[in-house]
$ cat query_21.pdb   # PDB, N, CA and C atoms
MODEL        1
ATOM      1  N   MET L   1       0.847  -1.178   0.000
ATOM      2  CA  MET L   1       0.000   0.000   0.000
ATOM      3  C   MET L   1       0.889   1.237   0.000
ATOM      4  N   THR L   2       0.564   2.189  -0.843
ATOM      5  CA  THR L   2       1.368   3.402  -0.950
ATOM      6  C   THR L   2       0.990   4.397   0.149
ATOM      7  N   GLU L   3       1.871   5.372   0.370
ATOM      8  CA  GLU L   3       1.569   6.415   1.352
ATOM      9  C   GLU L   3       0.334   7.203   0.944
ATOM     10  N   SER L   4       0.136   7.394  -0.334
ATOM     11  CA  SER L   4      -1.041   8.101  -0.826
ATOM     12  C   SER L   4      -2.325   7.334  -0.476
ATOM     13  N   GLU L   5      -2.292   6.028  -0.629
ATOM     14  CA  GLU L   5      -3.461   5.205  -0.285
ATOM     15  C   GLU L   5      -3.715   5.212   1.222
ATOM     16  N   ILE L   6      -2.646   5.197   1.993
ATOM     17  CA  ILE L   6      -2.778   5.280   3.451
ATOM     18  C   ILE L   6      -3.388   6.620   3.836
ATOM     19  N   GLN L   7      -2.902   7.684   3.219
ATOM     20  CA  GLN L   7      -3.421   9.018   3.513
ATOM     21  C   GLN L   7      -4.903   9.118   3.143
ATOM     22  N   THR L   8      -5.301   8.514   2.045
ATOM     23  CA  THR L   8      -6.713   8.508   1.647
ATOM     24  C   THR L   8      -7.551   7.806   2.698
ATOM     25  N   ALA L   9      -7.084   6.681   3.211
ATOM     26  CA  ALA L   9      -7.804   5.953   4.263
ATOM     27  C   ALA L   9      -7.921   6.809   5.525
ATOM     28  N   ILE L  10      -6.857   7.515   5.873
ATOM     29  CA  ILE L  10      -6.874   8.393   7.043
ATOM     30  C   ILE L  10      -7.884   9.519   6.837
ATOM     31  N   PHE L  11      -7.842  10.164   5.672
ATOM     32  CA  PHE L  11      -8.764  11.266   5.392
ATOM     33  C   PHE L  11     -10.211  10.794   5.426
ATOM     34  N   ASP L  12     -10.485   9.613   4.868
ATOM     35  CA  ASP L  12     -11.848   9.075   4.887
ATOM     36  C   ASP L  12     -12.319   8.868   6.322
ATOM     37  N   GLY L  13     -11.433   8.331   7.159
ATOM     38  CA  GLY L  13     -11.780   8.121   8.566
ATOM     39  C   GLY L  13     -12.011   9.429   9.306
ATOM     40  N   LEU L  14     -11.185  10.422   9.016
ATOM     41  CA  LEU L  14     -11.349  11.725   9.672
ATOM     42  C   LEU L  14     -12.642  12.407   9.246
ATOM     43  N   ARG L  15     -13.013  12.254   7.975
ATOM     44  CA  ARG L  15     -14.266  12.861   7.497
ATOM     45  C   ARG L  15     -15.481  12.266   8.204
ATOM     46  N   LYS L  16     -15.386  10.999   8.619
ATOM     47  CA  LYS L  16     -16.504  10.355   9.315
ATOM     48  C   LYS L  16     -16.700  10.924  10.717
ATOM     49  N   ILE L  17     -15.598  11.272  11.381
ATOM     50  CA  ILE L  17     -15.738  11.778  12.744
ATOM     51  C   ILE L  17     -15.800  13.301  12.808
ATOM     52  N   ALA L  18     -15.359  13.973  11.752
ATOM     53  CA  ALA L  18     -15.393  15.442  11.698
ATOM     54  C   ALA L  18     -15.802  15.864  10.285
ATOM     55  N   PRO L  19     -17.074  15.591   9.914
ATOM     56  CA  PRO L  19     -17.510  15.835   8.535
ATOM     57  C   PRO L  19     -17.460  17.293   8.089
ATOM     58  N   GLU L  20     -17.408  18.208   9.025
ATOM     59  CA  GLU L  20     -17.407  19.628   8.666
ATOM     60  C   GLU L  20     -16.020  20.139   8.297
ATOM     61  N   THR L  21     -15.012  19.287   8.410
ATOM     62  CA  THR L  21     -13.648  19.720   8.122
ATOM     63  C   THR L  21     -13.115  19.084   6.843
ATOM     64  N   ASP L  22     -12.048  19.671   6.329
ATOM     65  CA  ASP L  22     -11.362  19.121   5.159
ATOM     66  C   ASP L  22      -9.980  18.669   5.614
ATOM     67  N   PRO L  23      -9.794  17.351   5.817
ATOM     68  CA  PRO L  23      -8.510  16.869   6.321
ATOM     69  C   PRO L  23      -7.331  17.205   5.417
ATOM     70  N   ARG L  24      -7.576  17.453   4.134
ATOM     71  CA  ARG L  24      -6.487  17.803   3.228
ATOM     72  C   ARG L  24      -5.850  19.137   3.595
ATOM     73  N   GLN L  25      -6.553  19.950   4.370
ATOM     74  CA  GLN L  25      -6.027  21.250   4.786
ATOM     75  C   GLN L  25      -5.159  21.165   6.041
ATOM     76  N   LEU L  26      -5.086  19.970   6.635
ATOM     77  CA  LEU L  26      -4.307  19.799   7.858
ATOM     78  C   LEU L  26      -2.808  19.833   7.576
ATOM     79  N   SER L  27      -2.092  20.456   8.460
ATOM     80  CA  SER L  27      -0.636  20.398   8.416
ATOM     81  C   SER L  27      -0.228  18.987   8.847
ATOM     82  N   PRO L  28       0.782  18.401   8.207
ATOM     83  CA  PRO L  28       1.228  17.063   8.602
ATOM     84  C   PRO L  28       1.643  16.976  10.069
ATOM     85  N   ALA L  29       2.050  18.102  10.658
ATOM     86  CA  ALA L  29       2.515  18.110  12.049
ATOM     87  C   ALA L  29       1.447  18.556  13.044
ATOM     88  N   ALA L  30       0.253  18.904  12.566
ATOM     89  CA  ALA L  30      -0.804  19.384  13.459
ATOM     90  C   ALA L  30      -1.348  18.247  14.315
ATOM     91  N   ASN L  31      -1.641  18.560  15.564
ATOM     92  CA  ASN L  31      -2.283  17.592  16.441
ATOM     93  C   ASN L  31      -3.717  17.392  15.939
ATOM     94  N   LEU L  32      -4.035  16.172  15.533
ATOM     95  CA  LEU L  32      -5.338  15.904  14.917
ATOM     96  C   LEU L  32      -6.507  16.210  15.846
ATOM     97  N   ARG L  33      -6.392  15.818  17.100
ATOM     98  CA  ARG L  33      -7.504  16.058  18.035
ATOM     99  C   ARG L  33      -7.750  17.544  18.227
ATOM    100  N   GLU L  34      -6.685  18.308  18.338
ATOM    101  CA  GLU L  34      -6.831  19.755  18.525
ATOM    102  C   GLU L  34      -7.319  20.428  17.247
ATOM    103  N   ALA L  35      -6.713  20.080  16.119
ATOM    104  CA  ALA L  35      -7.058  20.722  14.846
ATOM    105  C   ALA L  35      -8.501  20.446  14.436
ATOM    106  N   LEU L  36      -8.987  19.244  14.734
ATOM    107  CA  LEU L  36     -10.353  18.882  14.338
ATOM    108  C   LEU L  36     -11.355  19.025  15.482
ATOM    109  N   ASP L  37     -10.860  19.411  16.656
ATOM    110  CA  ASP L  37     -11.691  19.585  17.844
ATOM    111  C   ASP L  37     -12.523  18.326  18.124
ATOM    112  N   ILE L  38     -11.810  17.188  18.215
ATOM    113  CA  ILE L  38     -12.482  15.927  18.516
ATOM    114  C   ILE L  38     -12.024  15.412  19.877
ATOM    115  N   ASP L  39     -12.899  14.680  20.533
ATOM    116  CA  ASP L  39     -12.559  14.149  21.850
ATOM    117  C   ASP L  39     -11.897  12.779  21.730
ATOM    118  N   SER L  40     -11.503  12.232  22.860
ATOM    119  CA  SER L  40     -10.778  10.959  22.857
ATOM    120  C   SER L  40     -11.646   9.810  22.347
ATOM    121  N   PHE L  41     -12.939   9.855  22.588
ATOM    122  CA  PHE L  41     -13.841   8.804  22.103
ATOM    123  C   PHE L  41     -13.902   8.825  20.572
ATOM    124  N   ASP L  42     -14.027  10.010  19.991
ATOM    125  CA  ASP L  42     -14.028  10.122  18.528
ATOM    126  C   ASP L  42     -12.698   9.660  17.946
ATOM    127  N   PHE L  43     -11.604  10.011  18.611
ATOM    128  CA  PHE L  43     -10.295   9.605  18.117
ATOM    129  C   PHE L  43     -10.154   8.083  18.183
ATOM    130  N   LEU L  44     -10.650   7.484  19.252
ATOM    131  CA  LEU L  44     -10.625   6.028  19.365
ATOM    132  C   LEU L  44     -11.437   5.393  18.241
ATOM    133  N   ASN L  45     -12.620   5.933  17.969
ATOM    134  CA  ASN L  45     -13.437   5.416  16.872
ATOM    135  C   ASN L  45     -12.723   5.557  15.523
ATOM    136  N   PHE L  46     -12.005   6.636  15.354
ATOM    137  CA  PHE L  46     -11.216   6.844  14.139
ATOM    138  C   PHE L  46     -10.150   5.758  13.994
ATOM    139  N   LEU L  47      -9.414   5.478  15.078
ATOM    140  CA  LEU L  47      -8.376   4.444  15.031
ATOM    141  C   LEU L  47      -8.994   3.063  14.775
ATOM    142  N   ILE L  48     -10.153   2.806  15.348
ATOM    143  CA  ILE L  48     -10.852   1.537  15.107
ATOM    144  C   ILE L  48     -11.239   1.432  13.637
ATOM    145  N   SER L  49     -11.702   2.538  13.052
ATOM    146  CA  SER L  49     -12.082   2.507  11.637
ATOM    147  C   SER L  49     -10.862   2.241  10.745
ATOM    148  N   LEU L  50      -9.693   2.772  11.127
ATOM    149  CA  LEU L  50      -8.468   2.485  10.373
ATOM    150  C   LEU L  50      -8.117   1.003  10.481
ATOM    151  N   HIS L  51      -8.261   0.459  11.676
ATOM    152  CA  HIS L  51      -8.003  -0.971  11.876
ATOM    153  C   HIS L  51      -8.918  -1.808  10.986
ATOM    154  N   GLU L  52     -10.198  -1.459  10.961
ATOM    155  CA  GLU L  52     -11.163  -2.221  10.162
ATOM    156  C   GLU L  52     -10.890  -2.090   8.667
ATOM    157  N   ARG L  53     -10.557  -0.903   8.226
ATOM    158  CA  ARG L  53     -10.342  -0.679   6.796
ATOM    159  C   ARG L  53      -9.021  -1.269   6.306
ATOM    160  N   LEU L  54      -7.971  -1.116   7.115
ATOM    161  CA  LEU L  54      -6.640  -1.511   6.667
ATOM    162  C   LEU L  54      -6.186  -2.866   7.214
ATOM    163  N   GLY L  55      -6.893  -3.358   8.237
ATOM    164  CA  GLY L  55      -6.508  -4.631   8.822
ATOM    165  C   GLY L  55      -5.245  -4.560   9.661
ATOM    166  N   VAL L  56      -4.937  -3.373  10.156
ATOM    167  CA  VAL L  56      -3.735  -3.178  10.961
ATOM    168  C   VAL L  56      -4.120  -3.117  12.432
ATOM    169  N   GLU L  57      -3.454  -3.934  13.219
ATOM    170  CA  GLU L  57      -3.660  -3.918  14.660
ATOM    171  C   GLU L  57      -2.958  -2.690  15.220
ATOM    172  N   ILE L  58      -3.691  -1.867  15.961
ATOM    173  CA  ILE L  58      -3.105  -0.673  16.576
ATOM    174  C   ILE L  58      -3.262  -0.823  18.082
ATOM    175  N   PRO L  59      -2.207  -1.274  18.770
ATOM    176  CA  PRO L  59      -2.297  -1.466  20.216
ATOM    177  C   PRO L  59      -2.543  -0.143  20.949
ATOM    178  N   GLU L  60      -3.272  -0.227  22.040
ATOM    179  CA  GLU L  60      -3.581   0.966  22.834
ATOM    180  C   GLU L  60      -2.306   1.688  23.276
ATOM    181  N   ALA L  61      -1.247   0.955  23.495
ATOM    182  CA  ALA L  61       0.024   1.557  23.918
ATOM    183  C   ALA L  61       0.587   2.515  22.857
ATOM    184  N   ASP L  62       0.161   2.350  21.601
ATOM    185  CA  ASP L  62       0.663   3.208  20.517
ATOM    186  C   ASP L  62      -0.201   4.444  20.272
ATOM    187  N   TYR L  63      -1.362   4.532  20.865
ATOM    188  CA  TYR L  63      -2.286   5.645  20.594
ATOM    189  C   TYR L  63      -1.627   7.006  20.788
ATOM    190  N   GLY L  64      -0.841   7.163  21.827
ATOM    191  CA  GLY L  64      -0.214   8.444  22.132
ATOM    192  C   GLY L  64       0.796   8.896  21.094
ATOM    193  N   ARG L  65       1.309   7.961  20.300
ATOM    194  CA  ARG L  65       2.280   8.300  19.253
ATOM    195  C   ARG L  65       1.605   8.722  17.963
ATOM    196  N   LEU L  66       0.296   8.516  17.856
ATOM    197  CA  LEU L  66      -0.416   8.725  16.593
ATOM    198  C   LEU L  66      -1.236  10.006  16.614
ATOM    199  N   THR L  67      -0.608  11.080  17.000
ATOM    200  CA  THR L  67      -1.333  12.333  17.184
ATOM    201  C   THR L  67      -1.357  13.228  15.958
ATOM    202  N   THR L  68      -0.464  12.982  14.999
ATOM    203  CA  THR L  68      -0.402  13.833  13.812
ATOM    204  C   THR L  68      -0.602  13.002  12.548
ATOM    205  N   LEU L  69      -0.931  13.670  11.472
ATOM    206  CA  LEU L  69      -1.082  13.008  10.182
ATOM    207  C   LEU L  69       0.231  12.337   9.779
ATOM    208  N   SER L  70       1.321  13.038   9.945
ATOM    209  CA  SER L  70       2.634  12.507   9.606
ATOM    210  C   SER L  70       2.945  11.236  10.401
ATOM    211  N   ALA L  71       2.688  11.270  11.704
ATOM    212  CA  ALA L  71       2.961  10.107  12.557
ATOM    213  C   ALA L  71       2.088   8.916  12.159
ATOM    214  N   LEU L  72       0.840   9.170  11.829
ATOM    215  CA  LEU L  72      -0.058   8.098  11.405
ATOM    216  C   LEU L  72       0.399   7.447  10.104
ATOM    217  N   VAL L  73       0.745   8.255   9.126
ATOM    218  CA  VAL L  73       1.197   7.723   7.836
ATOM    219  C   VAL L  73       2.462   6.893   8.036
ATOM    220  N   GLN L  74       3.391   7.415   8.820
ATOM    221  CA  GLN L  74       4.644   6.700   9.081
ATOM    222  C   GLN L  74       4.376   5.371   9.783
ATOM    223  N   TYR L  75       3.554   5.397  10.808
ATOM    224  CA  TYR L  75       3.227   4.207  11.596
ATOM    225  C   TYR L  75       2.564   3.146  10.723
ATOM    226  N   LEU L  76       1.550   3.556   9.973
ATOM    227  CA  LEU L  76       0.820   2.604   9.137
ATOM    228  C   LEU L  76       1.678   2.086   7.985
ATOM    229  N   SER L  77       2.568   2.923   7.454
ATOM    230  CA  SER L  77       3.471   2.490   6.383
ATOM    231  C   SER L  77       4.344   1.329   6.835
ATOM    232  N   LYS L  78       4.751   1.363   8.093
ATOM    233  CA  LYS L  78       5.597   0.299   8.633
ATOM    234  C   LYS L  78       4.801  -0.981   8.881
ATOM    235  N   LYS L  79       3.517  -0.840   9.152
ATOM    236  CA  LYS L  79       2.679  -1.998   9.500
ATOM    237  C   LYS L  79       2.054  -2.686   8.285
ATOM    238  N   LEU L  80       1.897  -1.952   7.195
ATOM    239  CA  LEU L  80       1.223  -2.498   6.018
ATOM    240  C   LEU L  80       2.205  -3.069   5.024
ATOM    241  N   PRO L  81       1.759  -4.086   4.260
ATOM    242  CA  PRO L  81       2.645  -4.616   3.225
ATOM    243  C   PRO L  81       2.910  -3.561   2.160
ATOM    244  N   ARG L  82       4.106  -3.545   1.687
ATOM    245  CA  ARG L  82       4.496  -2.580   0.648
ATOM    246  C   ARG L  82       4.112  -3.107  -0.727
ATOM    247  N   GLU L  83       3.915  -2.153  -1.643
ATOM    248  CA  GLU L  83       3.657  -2.512  -3.040
ATOM    249  C   GLU L  83       4.924  -3.143  -3.598
ATOM    250  N   PRO L  84       4.806  -4.241  -4.332
ATOM    251  CA  PRO L  84       6.015  -4.816  -4.940
ATOM    252  C   PRO L  84       6.580  -3.866  -5.981
ATOM    253  N   THR L  85       7.885  -3.769  -6.015
ATOM    254  CA  THR L  85       8.521  -2.917  -7.010
ATOM    255  C   THR L  85       8.729  -3.728  -8.274
ATOM    256  N   LYS L  86       8.553  -3.078  -9.408
ATOM    257  CA  LYS L  86       8.709  -3.745 -10.695
ATOM    258  C   LYS L  86      10.177  -3.724 -11.091
ATOM    259  N   ALA L  87      10.649  -4.860 -11.567
ATOM    260  CA  ALA L  87      12.035  -4.945 -12.023
ATOM    261  C   ALA L  87      12.152  -4.214 -13.364
ATOM    262  N   SER L  88      13.267  -3.531 -13.531
ATOM    263  CA  SER L  88      13.487  -2.792 -14.781
ATOM    264  C   SER L  88      13.956  -3.715 -15.876
TER     265      SER L  88
ENDMDL
END
$ encode --input "query_21.pdb" --output "structure tokens"
Amino acid sequence: MTESEIQTAIFDGLRKIAPETDPRQLSPAANLREALDIDSFDFLNFLISLHERLGVEIPEADYGRLTTLSALVQYLSKKLPREPTKAS
């Protein structure tokens, strides 16, 4: 899965919990909960939706590290299988 596909999954999940916002306008370093004005329950539901969509286990111990768009993309990139590269 590419970073672009991961970002699309993240944006789709964010739109479900904060439909009045445009996640594409978020700074990669912005705190998602603060920028979208969402509470911990909404953020938990967002992480659950990512787990369901991507099939990635996100342990509760990692929640505190996943506060920004950049951190989420990086974290999920490491957990998801990479696209095979084509031989030249």
$ closest_residue --input "query_21.pdb" --among "L:Arg33, L:Pro23, L:Ser4, L:Asp42" --to "L:Leu66" --atoms "all atoms listed in the file"
L:Arg33
$ axis_aligned_box --input "query_21.pdb" --around "stretch 20-31 of chain L" --padding-each-side "6 Å" --output "AutoDock Vina command-line options"
--center_x -7.4 --center_y 19.1 --center_z 9.8 --size_x 31.9 --size_y 16.4 --size_z 25.2
$ atom_distance --input "query_21.pdb" --atom1 "atom CA of L:Glu3" --atom2 "atom C of L:Thr68"
13.2 Å
$ resolve_selection --input "query_21.pdb" --expression "the PyMOL selection byres (((chain L and resi 32 and name CA) around 10) and name CA)" --output "list in words"
Leu14, Pro23, Leu26, Ser27, Pro28, Ala29, Ala30, Asn31, Arg33, Glu34, Ala35, Leu36, Asp37, Ile38, Phe43, Leu66, Thr67, Thr68 and Leu69 of chain L
$ select_by_dssp --input "query_21.pdb" --residues "chain L" --states "helix (DSSP H, G or I)" --output "MDAnalysis selection string"
chainID L and resid 3:17 23:25 32:36 40:54 60:65 69:79
$ closest_residue --input "query_21.pdb" --among "L:Thr8, L:Thr21, L:Thr2, L:Ser40" --to "L:Ser77" --atoms "all atoms listed in the file"
L:Thr2
$ residues_around --input "query_21.pdb" --residues "L:Ser49" --least-positions-apart "5" --cutoff "8 Å" --atoms "all atoms listed in the file" --output "tab-separated table (two decimals) with N, CA and C atoms, in the frame of the given file"
chain	number	residue	atom	x	y	z
L	9	ALA	N	-7.08	6.68	3.21
L	9	ALA	CA	-7.80	5.95	4.26
L	9	ALA	C	-7.92	6.81	5.52
L	13	GLY	N	-11.43	8.33	7.16
L	13	GLY	CA	-11.78	8.12	8.57
L	13	GLY	C	-12.01	9.43	9.31
L	43	PHE	N	-11.60	10.01	18.61
L	43	PHE	CA	-10.30	9.60	18.12
L	43	PHE	C	-10.15	8.08	18.18
L	44	LEU	N	-10.65	7.48	19.25
L	44	LEU	CA	-10.62	6.03	19.36
L	44	LEU	C	-11.44	5.39	18.24
L	54	LEU	N	-7.97	-1.12	7.12
L	54	LEU	CA	-6.64	-1.51	6.67
L	54	LEU	C	-6.19	-2.87	7.21
L	55	GLY	N	-6.89	-3.36	8.24
L	55	GLY	CA	-6.51	-4.63	8.82
L	55	GLY	C	-5.24	-4.56	9.66
